[in-house]
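One structure is given here, and the rest of the page talks about it.
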Amino acid sequence: MSFTGPSFPNIAPSSRSLSAGDFPGTTFKAQDGVEVRVQYGNQRANTELSLSFDNITDANAALIYDHYTNCRGTLGIFDVPNNSLTQSGNPGFHAGTGSGTTNRFSATPFGMRYRYAEPPQFNSVKPGRMSVIIKLVGVLDK
Amino acid sequence: MTYYSGKDGVLTYNSTQVAKVSNWSISSTVDALDTTVLTDSDRNFVPGIRTITGSATVFYYDSAPVPLLQRVVKTTAVTESDILTIKLGWDTKYIQGNCIITSAELNCSVGEVMQASIQFQFTGTPTGVVL
């Protein structure tokens with residue numbers, strides 16, 4: 001099991017993009033066009049969550065910076081709890097019943113944990129205001 | 001109660017009054033930084049960077065507009081030494097700040113008095129404002 005860092009801070013993003021990931025498997029395609037798919041596991045992985053925080057305060061930007069540090073960069077895994085990061089904006093999506101979970105933006109209900117896919121980007125806008133872009137990837141961690 | 005008009009207006013650079021000024025104008029704008037988040041139903045903003053620009057038209061009477069034109073129309077490069085303290089005044093009121101002349105235009109037409117049009121941009125905060 002990998003190092004587990006603190007939960008992501010409770011900051012509502014300006015925009016959020018979710019790529020749902022996929023189940024592990026391989027697709028074989030014969031020359032006659034027949035396609036065979038072999039599934040290796042029963043758990044979906046590689047969910048990608050891209051978030052941007054536009055013109056947030058320096059204090060909130062520092063929370064994200066410190067969280068990245070405390071998670072040992074892209075190595076540590078962490079929870080994205082049901083806070084404003086994942087709850088905000090699309091209640092009909094994150095509270096759906098089809099998946100048997102209460103939050104489709106979160107990785108934990110699907111057996112995954114998030115980690116940073118790449119170092120976050122911090123852009124200075126003006127004194128006291130910054131914009132931050134982060135990209136998370138959901139990984140299976142047993 | 002007092003109305004103000006063109007006869008009250010003056011334009012000075014480095015404490016020297018420019019003669020034969022036909023008009024001046026000034027505009028101050030502030031960027032609005034969007035702080036809207038996913039839960040919001042209305043956009044939220046915080047003030048960003050302020051930009052102050054101005055313009056003036058000066059009749060070419062003797063050498064009236066020359067000190068301003070010389071800052072950008074010359075045989076050498078424009079440097080930081082060409083930054084002026086420009087004061088736009090009317091009656092006892094004024095707006096003053098350090099300015100870079102960003103545009104200088106000379107117009108000479110048949111049947112019209114020759115005149116110079118300049119545009120300038122404040123650098124830094126205004127050094128004096130009395131409204």
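For the structure tokens, the naming scheme is as follows: chains receive sequential letters (A, B, ...) according to their order of presentation, residues are indexed from 1 within each chain, and ligands are indexed from 1 in presentation order.
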
Which residues of chain A have any atom within 7 Å of an atom in chain B when counting only C-alpha atoms, and what is the closest pair of atoms for each, with the distance in Å to one decimal? Order the rows by chain and rising number and write it as a Markdown table.
| residue | atom | partner | partner_atom | distance |
| --- | --- | --- | --- | --- |
| A:Ala12 | CA | B:Val37 | CA | 6.0 |
| A:Pro13 | CA | B:Val37 | CA | 5.6 |
| A:Ser14 | CA | B:Val37 | CA | 4.2 |
| A:Ser15 | CA | B:Leu38 | CA | 6.6 |
| A:Asp54 | CA | B:Thr35 | CA | 6.2 |
| A:Asn55 | CA | B:Thr35 | CA | 5.6 |
| A:Ile56 | CA | B:Thr35 | CA | 6.8 |
| A:Ser88 | CA | B:Thr39 | CA | 5.1 |
| A:Gly89 | CA | B:Thr39 | CA | 4.5 |
| A:Lys126 | CA | B:Gly48 | CA | 6.7 |

>> Give me, as a PyMOL selection string, the residues of chain B that a backbone DSSP run labels helix (DSSP H, G or I).
In response: chain B and resi 6-8+66-69+80-82

> Near stretch 93-106 of chain B, counting only C-alpha atoms, which residues have an atom at most 10 Å away, once you skip same-chain residues fewer than 5 positions from it, shown as a VMD selection string?
Replying inline: chain B and resid 8 to 14 26 52 to 60 65 68 to 73 78 to 88 114 to 131

>> Run DSSP on the backbone and tell me which residues of chain A come out as strand (DSSP E); list them as number ranges by chain.
In response: A: 15-19, 25-29, 35-39, 47-57, 77-78, 112-116, 121-126, 129-140

> What does the distance between atom CA of A:Gly25 and atom CA of A:Tyr40 come to in Å, to one decimal place?
Replying inline: 5.1 Å

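Minimum atom-to-atom distances from A:Phe3, A:Tyr116, A:Phe8, A:Phe23 to A:Gly73 were compared using only C-alpha atoms, and the lowest value belongs to A:Tyr116.
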
>> If we count only C-alpha atoms and set the cut-off at 12 Å, which residues sit around A:Asn42, ignoring sequence neighbours fewer than 6 positions away in its own chain? Please answer as a ChimeraX atom specification.
In response: /A:22-25,110-111,140

>> I'd like the contact shell of A:Asp79 - 10 Å cut-off, only C-alpha atoms, skipping same-chain residues fewer than 5 positions apart - returned as an MDAnalysis selection string.
In response: chainID A and resid 4:9 106:108 112:115 138

Export N, CA and C atoms of the chosen residues as a PDB file, in the first residue's frame?
ATOM      1  N   THR A   4      -0.317   7.282   2.360  1.00  0.00           N
ATOM      2  CA  THR A   4      -1.601   7.986   2.312  1.00  0.00           C
ATOM      3  C   THR A   4      -1.446   9.370   2.919  1.00  0.00           C
ATOM      4  N   GLY A   5      -1.799  10.365   2.150  1.00  0.00           N
ATOM      5  CA  GLY A   5      -1.706  11.738   2.607  1.00  0.00           C
ATOM      6  C   GLY A   5      -3.015  12.225   3.177  1.00  0.00           C
ATOM      7  N   PRO A   6      -3.063  13.484   3.590  1.00  0.00           N
ATOM      8  CA  PRO A   6      -4.302  14.053   4.134  1.00  0.00           C
ATOM      9  C   PRO A   6      -5.357  14.220   3.044  1.00  0.00           C
ATOM     10  N   SER A   7      -6.591  14.345   3.464  1.00  0.00           N
ATOM     11  CA  SER A   7      -7.679  14.569   2.514  1.00  0.00           C
ATOM     12  C   SER A   7      -7.513  15.921   1.822  1.00  0.00           C
ATOM     13  N   PHE A   8      -8.073  16.001   0.637  1.00  0.00           N
ATOM     14  CA  PHE A   8      -7.955  17.253  -0.112  1.00  0.00           C
ATOM     15  C   PHE A   8      -8.743  18.348   0.595  1.00  0.00           C
ATOM     16  N   PRO A   9      -8.199  19.568   0.649  1.00  0.00           N
ATOM     17  CA  PRO A   9      -8.903  20.656   1.347  1.00  0.00           C
ATOM     18  C   PRO A   9     -10.253  20.979   0.719  1.00  0.00           C
ATOM     19  N   SER A 106     -16.110  11.281  -6.630  1.00  0.00           N
ATOM     20  CA  SER A 106     -15.126  10.743  -5.706  1.00  0.00           C
ATOM     21  C   SER A 106     -14.610   9.400  -6.221  1.00  0.00           C
ATOM     22  N   ALA A 107     -13.391   9.056  -5.840  1.00  0.00           N
ATOM     23  CA  ALA A 107     -12.818   7.779  -6.261  1.00  0.00           C
ATOM     24  C   ALA A 107     -13.078   6.685  -5.244  1.00  0.00           C
ATOM     25  N   THR A 108     -13.175   7.061  -3.986  1.00  0.00           N
ATOM     26  CA  THR A 108     -13.254   6.087  -2.906  1.00  0.00           C
ATOM     27  C   THR A 108     -14.427   5.112  -3.041  1.00  0.00           C
ATOM     28  N   MET A 112     -11.166   3.186  -5.405  1.00  0.00           N
ATOM     29  CA  MET A 112      -9.952   3.879  -5.827  1.00  0.00           C
ATOM     30  C   MET A 112      -9.577   4.957  -4.818  1.00  0.00           C
ATOM     31  N   ARG A 113      -8.358   5.415  -4.940  1.00  0.00           N
ATOM     32  CA  ARG A 113      -7.893   6.590  -4.206  1.00  0.00           C
ATOM     33  C   ARG A 113      -7.273   7.523  -5.216  1.00  0.00           C
ATOM     34  N   TYR A 114      -7.412   8.787  -4.973  1.00  0.00           N
ATOM     35  CA  TYR A 114      -6.811   9.750  -5.895  1.00  0.00           C
ATOM     36  C   TYR A 114      -5.350   9.995  -5.537  1.00  0.00           C
ATOM     37  N   ARG A 115      -4.577  10.328  -6.539  1.00  0.00           N
ATOM     38  CA  ARG A 115      -3.237  10.881  -6.355  1.00  0.00           C
ATOM     39  C   ARG A 115      -3.045  11.950  -7.424  1.00  0.00           C
ATOM     40  N   GLY A 138      -7.355   8.540 -10.417  1.00  0.00           N
ATOM     41  CA  GLY A 138      -7.819   7.539  -9.463  1.00  0.00           C
ATOM     42  C   GLY A 138      -7.144   6.200  -9.728  1.00  0.00           C
TER      43      GLY A 138
END

>> Report as a VMD selection string all protein, DNA and RNA residues lying within 10 Å of A:Val132, evaluated on only C-alpha atoms, omitting residues in the same chain fewer than 2 positions from it.
In response: chain A and resid 13 to 14 51 to 56 60 to 61 64 to 65 120 to 124 130 134

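Considering only C-alpha atoms, the residue among B:Ala77, B:Ala19, B:Ala32, B:Val113 positioned nearest to B:Ser63 is B:Ala19.
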
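The two atoms in question, atom CA of A:Leu49 and atom CA of A:Asn70, are spaced 19.4 Å apart.
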
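The space separating atom CA of A:Val80 from atom CA of A:Asn103 comes to 10.2 Å.
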